[in-house]
Amino acid sequence: MSQQEAAYFVPTDNRGLRACLLCGIVHQGKYFKKFGCPNCEELLHLSESSDDVLTDCTSTMFEGTIAMMKPRRSWVAKWQRNDGFVSGLYAVRVQGTLPEDIIDDLSRMGVQYRPRVGSS
Ligand SMILES: [Zn+2]
């Protein structure tokens with residue numbers, strides 16, 4: 001990846017960055033609040049939600065971000081289980097887990113939640 005491409009995907013302002021606990025995409029909190037998660041909005045309903053929901057479903061504690069330009073083709077995406085997600089900046093590890101009731105909702109919708117805390 002060229003520096004230019006990387007600069008495009010890395011938010012210029014690092015303050016207020018949060019990672020989605022379900023897919024790991026990194027955006028500013030206000031982005032999640034306004035638009036929701038580009039991958040999980042149907043499941044998590046983050047847009048226009050309360051701060052509580054945002055705090056429950058995203059985390060400020062994450063590490064190892066990867067900019068994925070073509071998630072469908074990237075081997076990194078497959079390794080990170082992000083195959084099929086939108087292009088963007090993703091956290092390798094995210095601290096925290098979704099609340100029980102949301103995990104229950106997900107399983108009712110046939111989505112198996114696996115915390116992205118890493119396997120080490
Ligand atoms: Zn998400």
# chains A, B, ... in the order shown; residues from 1 in each chain; ligands from 1

call {"tool": "residues_around", "arguments": {"residues": "Tyr113 in chain A", "least_positions_apart": "3", "cutoff": "10 Å", "atoms": "only C-alpha atoms", "output": "PyMOL selection string"}}
result
chain A and resi 21-23+97-98+102-104+106-107+110+116

call {"tool": "residues_around", "arguments": {"residues": "Val94 in chain A", "least_positions_apart": "2", "cutoff": "8 Å", "atoms": "only C-alpha atoms", "output": "JSON, numbers by chain"}}
result
{"A": [19, 21, 24, 59, 61, 62, 63, 91, 92, 96, 115, 116, 117, 118]}

call {"tool": "residues_around", "arguments": {"residues": "Leu17 in chain A", "least_positions_apart": "2", "cutoff": "10 Å", "atoms": "only C-alpha atoms", "output": "ChimeraX atom specification"}}
result
/A:11,13-15,19,26-32,58-62

call {"tool": "atom_distance", "arguments": {"atom1": "CA of Tyr90 in chain A", "atom2": "CA of Gly64 in chain A"}}
result
8.2 Å

call {"tool": "atom_distance", "arguments": {"atom1": "CA of Asp105 in chain A", "atom2": "CA of Leu44 in chain A"}}
result
9.3 Å

call {"tool": "select_by_dssp", "arguments": {"residues": "chain A", "states": "alpha helix (DSSP H)", "output": "VMD selection string"}}
result
chain A and resid 3 to 9 29 to 35 41 to 44 51 to 57 75 to 79 100 to 108

call {"tool": "select_by_dssp", "arguments": {"residues": "chain A", "states": "strand (DSSP E)", "output": "PDB file with C-alpha atoms, in the first residue's frame"}}
result
ATOM      1  CA  LEU A  17     -11.644   6.614  17.863  1.00  0.00           C
ATOM      2  CA  ARG A  18     -13.616   3.480  18.693  1.00  0.00           C
ATOM      3  CA  ALA A  19     -13.613  -0.033  17.307  1.00  0.00           C
ATOM      4  CA  CYS A  20     -16.816  -1.969  16.680  1.00  0.00           C
ATOM      5  CA  VAL A  26     -12.434   1.686  13.535  1.00  0.00           C
ATOM      6  CA  HIS A  27     -14.192   5.036  13.314  1.00  0.00           C
ATOM      7  CA  GLN A  28     -14.714   8.026  15.476  1.00  0.00           C
ATOM      8  CA  THR A  58     -17.757  -0.233  20.544  1.00  0.00           C
ATOM      9  CA  SER A  59     -14.504   0.076  22.441  1.00  0.00           C
ATOM     10  CA  PHE A  62      -8.048  -1.692  20.581  1.00  0.00           C
ATOM     11  CA  GLU A  63      -4.706  -2.361  18.951  1.00  0.00           C
ATOM     12  CA  GLY A  64      -3.056  -3.309  15.715  1.00  0.00           C
ATOM     13  CA  THR A  65      -5.093  -1.532  13.083  1.00  0.00           C
ATOM     14  CA  ILE A  66      -5.067  -2.788   9.505  1.00  0.00           C
ATOM     15  CA  ALA A  67      -6.280  -0.761   6.551  1.00  0.00           C
ATOM     16  CA  MET A  68      -8.198  -3.107   4.279  1.00  0.00           C
ATOM     17  CA  GLY A  88     -11.669   0.621   5.962  1.00  0.00           C
ATOM     18  CA  LEU A  89      -9.528   0.586   9.036  1.00  0.00           C
ATOM     19  CA  TYR A  90      -9.904  -2.470  11.246  1.00  0.00           C
ATOM     20  CA  ALA A  91      -8.538  -3.305  14.669  1.00  0.00           C
ATOM     21  CA  VAL A  92      -6.738  -6.628  15.043  1.00  0.00           C
ATOM     22  CA  ARG A  93      -7.703  -6.919  18.691  1.00  0.00           C
ATOM     23  CA  VAL A  94     -10.530  -5.171  20.512  1.00  0.00           C
TER      24      VAL A  94
END

call {"tool": "atom_distance", "arguments": {"atom1": "CA of Leu54 in chain A", "atom2": "CA of Arg81 in chain A"}}
result
22.4 Å

call {"tool": "residues_around", "arguments": {"residues": "Asp51 in chain A", "least_positions_apart": "5", "cutoff": "10 Å", "atoms": "only C-alpha atoms", "output": "VMD selection string"}}
result
chain A and resid 29 33 46 56 to 57

call {"tool": "closest_residue", "arguments": {"among": "A:Ile25, A:Val76, A:Cys37, A:Leu43", "to": "Met109 in chain A", "atoms": "only C-alpha atoms"}}
result
A:Leu43

call {"tool": "closest_residue", "arguments": {"among": "A:Thr55, A:Asn39, A:Gln80, A:Gln95", "to": "ligand 1", "atoms": "only C-alpha atoms and all ligand atoms"}}
result
A:Asn39

call {"tool": "closest_residue", "arguments": {"among": "A:Arg73, A:Val86, A:Glu48, A:Trp79", "to": "ligand 1", "atoms": "only C-alpha atoms and all ligand atoms"}}
result
A:Val86

call {"tool": "decode", "arguments": {"residues": "chain A", "atoms": "C-alpha atoms", "output": "compact mmCIF listing (two decimals), in the first residue's frame"}}
result
# COMPACT_ATOMS: atom_id res chain seq x y z
CA MET A 1 0.00 0.00 0.00
CA SER A 2 1.28 3.47 -0.83
CA GLN A 3 1.53 6.14 1.79
CA GLN A 4 -1.18 8.05 0.04
CA GLU A 5 -3.60 5.17 0.24
CA ALA A 6 -2.82 4.62 3.90
CA ALA A 7 -3.35 8.28 4.66
CA TYR A 8 -6.74 8.09 3.06
CA PHE A 9 -7.95 5.39 5.40
CA VAL A 10 -6.28 6.41 8.62
CA PRO A 11 -8.39 9.04 10.38
CA THR A 12 -6.43 12.26 10.75
CA ASP A 13 -7.80 12.89 14.19
CA ASN A 14 -7.06 10.03 16.56
CA ARG A 15 -9.16 11.36 19.37
CA GLY A 16 -12.47 9.66 19.97
CA LEU A 17 -11.64 6.61 17.86
CA ARG A 18 -13.62 3.48 18.69
CA ALA A 19 -13.61 -0.03 17.31
CA CYS A 20 -16.82 -1.97 16.68
CA LEU A 21 -16.87 -4.99 18.99
CA LEU A 22 -18.57 -7.13 16.38
CA CYS A 23 -16.60 -6.45 13.18
CA GLY A 24 -13.61 -4.47 14.47
CA ILE A 25 -13.92 -1.52 12.12
CA VAL A 26 -12.43 1.69 13.54
CA HIS A 27 -14.19 5.04 13.31
CA GLN A 28 -14.71 8.03 15.48
CA GLY A 29 -17.46 7.73 18.05
CA LYS A 30 -19.40 10.50 16.39
CA TYR A 31 -19.27 8.59 13.09
CA PHE A 32 -20.82 5.51 14.70
CA LYS A 33 -23.41 7.74 16.31
CA LYS A 34 -24.35 9.39 13.07
CA PHE A 35 -24.08 6.57 10.55
CA GLY A 36 -23.88 3.43 12.63
CA CYS A 37 -21.43 0.64 11.86
CA PRO A 38 -21.06 0.14 8.09
CA ASN A 39 -20.97 -3.63 8.58
CA CYS A 40 -23.19 -4.30 11.58
CA GLU A 41 -25.82 -1.62 11.52
CA GLU A 42 -28.59 -4.10 10.81
CA LEU A 43 -27.54 -6.04 13.87
CA LEU A 44 -26.43 -3.38 16.33
CA HIS A 45 -28.48 -0.29 15.39
CA LEU A 46 -25.82 2.16 16.51
CA SER A 47 -26.96 5.21 14.59
CA GLU A 48 -29.02 7.65 16.61
CA SER A 49 -28.51 5.42 19.59
CA SER A 50 -27.74 6.49 23.12
CA ASP A 51 -24.22 6.83 24.43
CA ASP A 52 -24.84 3.66 26.43
CA VAL A 53 -25.37 1.59 23.30
CA LEU A 54 -22.29 3.11 21.71
CA THR A 55 -20.23 2.33 24.80
CA ASP A 56 -21.61 -1.21 24.91
CA CYS A 57 -21.01 -2.05 21.27
CA THR A 58 -17.76 -0.23 20.54
CA SER A 59 -14.50 0.08 22.44
CA THR A 60 -11.77 2.67 22.73
CA MET A 61 -9.37 -0.11 23.74
CA PHE A 62 -8.05 -1.69 20.58
CA GLU A 63 -4.71 -2.36 18.95
CA GLY A 64 -3.06 -3.31 15.71
CA THR A 65 -5.09 -1.53 13.08
CA ILE A 66 -5.07 -2.79 9.50
CA ALA A 67 -6.28 -0.76 6.55
CA MET A 68 -8.20 -3.11 4.28
CA MET A 69 -8.76 -1.86 0.78
CA LYS A 70 -10.35 -4.92 -0.73
CA PRO A 71 -11.70 -7.07 2.08
CA ARG A 72 -13.16 -9.65 -0.29
CA ARG A 73 -9.79 -10.42 -1.82
CA SER A 74 -7.39 -9.81 1.01
CA TRP A 75 -5.82 -12.76 2.78
CA VAL A 76 -5.58 -10.51 5.82
CA ALA A 77 -9.34 -10.14 5.69
CA LYS A 78 -9.77 -13.90 5.67
CA TRP A 79 -7.39 -14.27 8.57
CA GLN A 80 -9.28 -11.58 10.46
CA ARG A 81 -12.66 -13.10 9.55
CA ASN A 82 -13.60 -9.82 7.89
CA ASP A 83 -14.31 -11.36 4.52
CA GLY A 84 -17.19 -9.47 2.98
CA PHE A 85 -16.90 -6.34 5.10
CA VAL A 86 -16.50 -2.84 3.72
CA SER A 87 -13.07 -1.34 3.07
CA GLY A 88 -11.67 0.62 5.96
CA LEU A 89 -9.53 0.59 9.04
CA TYR A 90 -9.90 -2.47 11.25
CA ALA A 91 -8.54 -3.31 14.67
CA VAL A 92 -6.74 -6.63 15.04
CA ARG A 93 -7.70 -6.92 18.69
CA VAL A 94 -10.53 -5.17 20.51
CA GLN A 95 -10.84 -5.21 24.27
CA GLY A 96 -14.27 -5.88 25.67
CA THR A 97 -17.27 -7.99 24.72
CA LEU A 98 -20.80 -7.21 23.67
CA PRO A 99 -23.48 -7.25 26.39
CA GLU A 100 -25.25 -10.57 26.97
CA ASP A 101 -28.61 -9.37 25.66
CA ILE A 102 -27.06 -8.27 22.38
CA ILE A 103 -25.20 -11.57 22.06
CA ASP A 104 -28.57 -13.29 22.62
CA ASP A 105 -30.18 -11.14 19.93
CA LEU A 106 -27.35 -11.98 17.53
CA SER A 107 -27.66 -15.70 18.11
CA ARG A 108 -31.40 -15.47 17.50
CA MET A 109 -30.53 -13.89 14.15
CA GLY A 110 -28.09 -16.69 13.43
CA VAL A 111 -24.95 -14.67 14.07
CA GLN A 112 -22.36 -16.30 16.25
CA TYR A 113 -20.44 -13.66 18.12
CA ARG A 114 -16.76 -14.27 18.75
CA PRO A 115 -14.98 -11.61 20.81
CA ARG A 116 -12.10 -10.09 18.88
CA VAL A 117 -9.69 -10.10 21.77
CA GLY A 118 -7.17 -12.26 19.93
CA SER A 119 -6.11 -15.84 20.55
CA SER A 120 -2.79 -15.30 22.27
